[in-house]
Amino acid sequence: MKEFLQTALLGPLQALGKQVLAVLPNVLAMTIILVAGLVIAWAMGHLVERLLRVIGLDHLCNRLGVNAALARGGVKTDPSRLAGRAAYWMVLLFAAMAGLGALNLKPINQFAQSFLAYVPYLFTAGLILVGGYLLSNFVSQTVLIAAVNAGLPPARLLAACSRWGVQLVAVAMALEQLGIAQHIVVVGFGITLGGVVMAGAIAFGLGAKDLAKDYLERRLSQSPRDRAPDDLRHL
Amino acid sequence: MMTDTTIALTPETDARIQEIGETEILVGIPSFNNADTIGHVVRAVKAGLAKYFSGVRAVLVNSDGSSTDGTPDVVARTVVDLGDMLISERQSPLHKIITPYHGIPGKGSAFRTIFEIARRLKAKACAVVDSDLRSITPEWIELLIRPVLGEGYDYVAPYYLRHKYDGTITNNIVYPLTRAMYGQRVRQPIGGDFGFSGRLAEHYLDKHVWESDVARFGIDIWMTTEAIASGARVCESFLGAKIHNPKDPGTDLAAMLVQVMGAMFALMEEHEGVWAKLNGSNPVKRFGFQYEVGVEPVHVNVDGMICSFRQGLADLEPIWREMLAAETVEELQALKDCPLQAFRLGDDLWARLVYEATAACHRRVMPREHLLKAFTPLYLGRTASFVLDTQGLTSSEADGRIEALCQAFEKRKPYLMERWETGSE
């Protein structure tokens, strides 16, 4: 009975205890790395923000219209603070990876390695999304103003279409960068764009054939009657 | 102070300058595919110089933008029979320099070459006239040159007779804003034909603006503003009616506003130290014998302009809210449904709109081109209001309305300062 207890109960418990004791330093190391990473991330974020403020990044961005672009995109934070927060999260991310690596567990190590290899793609995809968002706002505003000045009644619709078009392209590019359903994204995007163009062509051809005729006549014939609604000379 | 702003000329032009040496008067004609009209302009210039400046050394410079229709050849072979014009005095020979200009294509770059030649020839008085003018007479040359050569002025702006609806950007924006900012009542700051001293030509050359939009367009307002802001003596000359080849009818109004207002706003940034301390305005001396003449009637589509304004109100409101004060947008909203005949965008509201756009441009609340193009429906609304307001008035009575608008701009200048400084914080 004593032997049974020794082999069936205490043996596994002892083995578990040994395993725990073997992992404990790694857990401790992970905790230390995480805490240190947290402190360094905070300090780094703070330092980057202060440094950028001192060198006048906000003022420069303001002069270049970046602040206005961010505000239009719904981002109310100034660029120095944004850069500081980005530095904070980057350091924290790497600290978390390093901390998990300290556990020295094979699956976690593999995950960490895969994740680190994936980071550049994530970064690129993020940049594409942010750039696409800002570009879509700019394009949409350009289209809206041009359409209003051209006297086109569906100006807002055109602006919204251009905004979503650019954002769709950005999302497709980001997904392709991340390697998510690459073929589906490309094919889906092609089908969508083709469909939109086809729908537009049919709608314009059937629904607005008089408008198209009028437009082409004005463009091709250049008759004086149609060229200008008045003969104001503005300058 | 010497600055290295000399520009390269072609070897032929250099040789011609060496040959001529020095001159008293220089008349420049910028051109690009103006073979149909430039002959008349050259004849008028030659006759003007012969009639009013006989015995004075003079040079005619054609600064051409690589015309493909033989414009320089027309300039080279144009001759004038002075006997037909009863001009019989012994003349000094008129030298001609026909040169291509370098740099960004545009009137500004053509002028730069003319200024450079004026500097090298040590010209005392210069004039520039457009190459598409049909109404230029020899008297124009006297009126543009004499104030500089005989009266000691540095800059002569043109004063043309125009229909009350001709030049609505000039009447509603350029003149009131220039007058309120720089305190000089130059009625047509972007006329296109100017006289100036050799000293002022050198000042222009020393400015580093030739790679900017000034080189393409905006040269007219730049020359006028720079002359006033630099403290040059400025006057006007009455030239009668200006008739020239119609510009391309497809010219986009929004692009035109971007050019003119963009140039004015950029100049305001540069000369803040000058205009910020000025109050009120003073008339400038006007030379020439003024007379009335029938001007071409102008047909105006008021309905179309009000439609454009109202579409702007419906679709561009979020953009307007970024650049204008909230109360101003509310005032504009009141014009949404008012009857056509009651549609008025008054002087005070218009002055505030222009000032708010100016300050918004200074604060860079959005890309400058977007801001200026989004201003187009507002401008059309104001133009429609001006037309409705001045229907049935004579040109001089309509000028009275422009005077009232200018006073509104001057009165509201502190409002601009307030918004401008808010943006600088």
# chains A, B, ... in the order shown; residues from 1 in each chain; ligands from 1
$ residues_around --residues "region 100-105 of chain A" --least-positions-apart "3" --cutoff "7 Å" --atoms "only C-alpha atoms" --output "JSON, numbers by chain"
{"A": [26, 27, 29, 30, 96, 97, 108, 109, 112]}
$ write_last_selection --atoms "N, CA and C atoms" --output "CSV table (one decimal), in the first residue's frame"
chain,number,residue,atom,x,y,z
A,26,ASN,N,11.5,31.0,-14.6
A,26,ASN,CA,11.1,31.7,-15.9
A,26,ASN,C,9.9,32.6,-15.7
A,27,VAL,N,9.0,32.2,-14.9
A,27,VAL,CA,7.8,33.0,-14.6
A,27,VAL,C,8.3,34.3,-14.0
A,29,ALA,N,11.2,35.6,-14.2
A,29,ALA,CA,11.9,36.4,-15.2
A,29,ALA,C,10.9,37.1,-16.1
A,30,MET,N,9.8,36.4,-16.5
A,30,MET,CA,8.8,37.0,-17.3
A,30,MET,C,8.1,38.2,-16.6
A,96,ALA,N,6.3,42.3,-24.0
A,96,ALA,CA,5.4,41.1,-23.9
A,96,ALA,C,5.9,39.9,-24.6
A,97,MET,N,6.4,40.1,-25.8
A,97,MET,CA,7.0,39.0,-26.6
A,97,MET,C,8.3,38.5,-25.9
A,108,ILE,N,5.0,28.6,-27.1
A,108,ILE,CA,5.0,30.1,-26.9
A,108,ILE,C,6.2,30.7,-27.7
A,109,ASN,N,7.3,30.0,-27.7
A,109,ASN,CA,8.5,30.5,-28.5
A,109,ASN,C,8.2,30.5,-30.0
A,112,ALA,N,5.8,33.4,-30.6
A,112,ALA,CA,6.5,34.6,-30.5
A,112,ALA,C,7.3,34.9,-31.8
$ closest_atom_pairs --of "region 146-165 of chain A" --to "region 255-271 of chain B" --cutoff "12 Å" --atoms "only C-alpha atoms" --output "tab-separated table"
residue	atom	partner	partner_atom	distance
A:Ala146	CA	B:Ala255	CA	10.4
A:Asn149	CA	B:Ala255	CA	10.4
A:Ala150	CA	B:Ala255	CA	11.9
$ write_last_selection --atoms "C-alpha atoms" --output "mmCIF file, in the first residue's frame"
data_model
loop_
_atom_site.group_PDB
_atom_site.id
_atom_site.type_symbol
_atom_site.label_atom_id
_atom_site.label_comp_id
_atom_site.auth_asym_id
_atom_site.auth_seq_id
_atom_site.Cartn_x
_atom_site.Cartn_y
_atom_site.Cartn_z
ATOM 1 C CA ALA A 146 -15.324 70.106 -57.689
ATOM 2 C CA ASN A 149 -18.520 74.039 -58.521
ATOM 3 C CA ALA A 150 -19.482 72.079 -61.634
#
$ interface_residues --of "chain B" --to "chain A" --cutoff "9 Å" --atoms "only C-alpha atoms" --output "VMD selection string"
chain B and resid 165 to 171 190 to 191 249 to 250 253 to 254 256 260 298 to 302 304 307 to 308 311 to 312 315 to 316 319 363 to 367 370 373 to 374 376 to 377
$ atom_distance --atom1 "CA of Val45 (chain B)" --atom2 "CA of Ala157 (chain B)"
17.3 Å
$ residues_around --residues "region 54-71 of chain B" --least-positions-apart "5" --cutoff "6 Å" --atoms "only C-alpha atoms" --output "mmCIF file with C-alpha atoms, in the first residue's frame"
data_model
loop_
_atom_site.group_PDB
_atom_site.id
_atom_site.type_symbol
_atom_site.label_atom_id
_atom_site.label_comp_id
_atom_site.auth_asym_id
_atom_site.auth_seq_id
_atom_site.Cartn_x
_atom_site.Cartn_y
_atom_site.Cartn_z
ATOM 1 C CA THR B 23 18.491 102.903 -72.508
ATOM 2 C CA GLU B 24 16.108 105.374 -70.939
ATOM 3 C CA ILE B 25 12.865 103.578 -71.730
ATOM 4 C CA LEU B 26 12.025 99.909 -72.058
ATOM 5 C CA VAL B 27 8.659 98.559 -73.140
ATOM 6 C CA GLY B 28 8.069 94.848 -72.626
ATOM 7 C CA ILE B 29 5.508 92.659 -74.370
ATOM 8 C CA PRO B 30 5.092 89.138 -73.009
ATOM 9 C CA SER B 31 3.611 86.786 -75.588
ATOM 10 C CA PHE B 32 2.534 83.264 -76.352
ATOM 11 C CA ASN B 33 0.880 82.521 -79.687
ATOM 12 C CA ASN B 34 -0.356 86.078 -80.246
ATOM 13 C CA ALA B 35 0.567 86.461 -83.917
ATOM 14 C CA GLN B 91 13.635 109.903 -84.131
ATOM 15 C CA SER B 92 16.170 107.956 -82.161
ATOM 16 C CA LEU B 94 13.942 101.992 -81.574
ATOM 17 C CA HIS B 95 15.886 98.865 -80.698
ATOM 18 C CA LYS B 96 14.091 95.556 -80.573
ATOM 19 C CA ILE B 97 15.033 92.552 -78.484
ATOM 20 C CA ILE B 98 13.102 89.396 -79.238
ATOM 21 C CA THR B 99 13.935 86.699 -76.767
ATOM 22 C CA PRO B 100 12.498 83.486 -75.415
ATOM 23 C CA TYR B 101 12.078 83.350 -71.661
ATOM 24 C CA ALA B 110 8.129 86.431 -69.223
#
$ residues_around --residues "Gln407 (chain B)" --least-positions-apart "3" --cutoff "10 Å" --atoms "only C-alpha atoms" --output "JSON, numbers by chain"
{"B": [176, 179, 180, 280, 281, 347, 348, 351, 401, 402, 403, 404, 410, 411, 412, 413]}
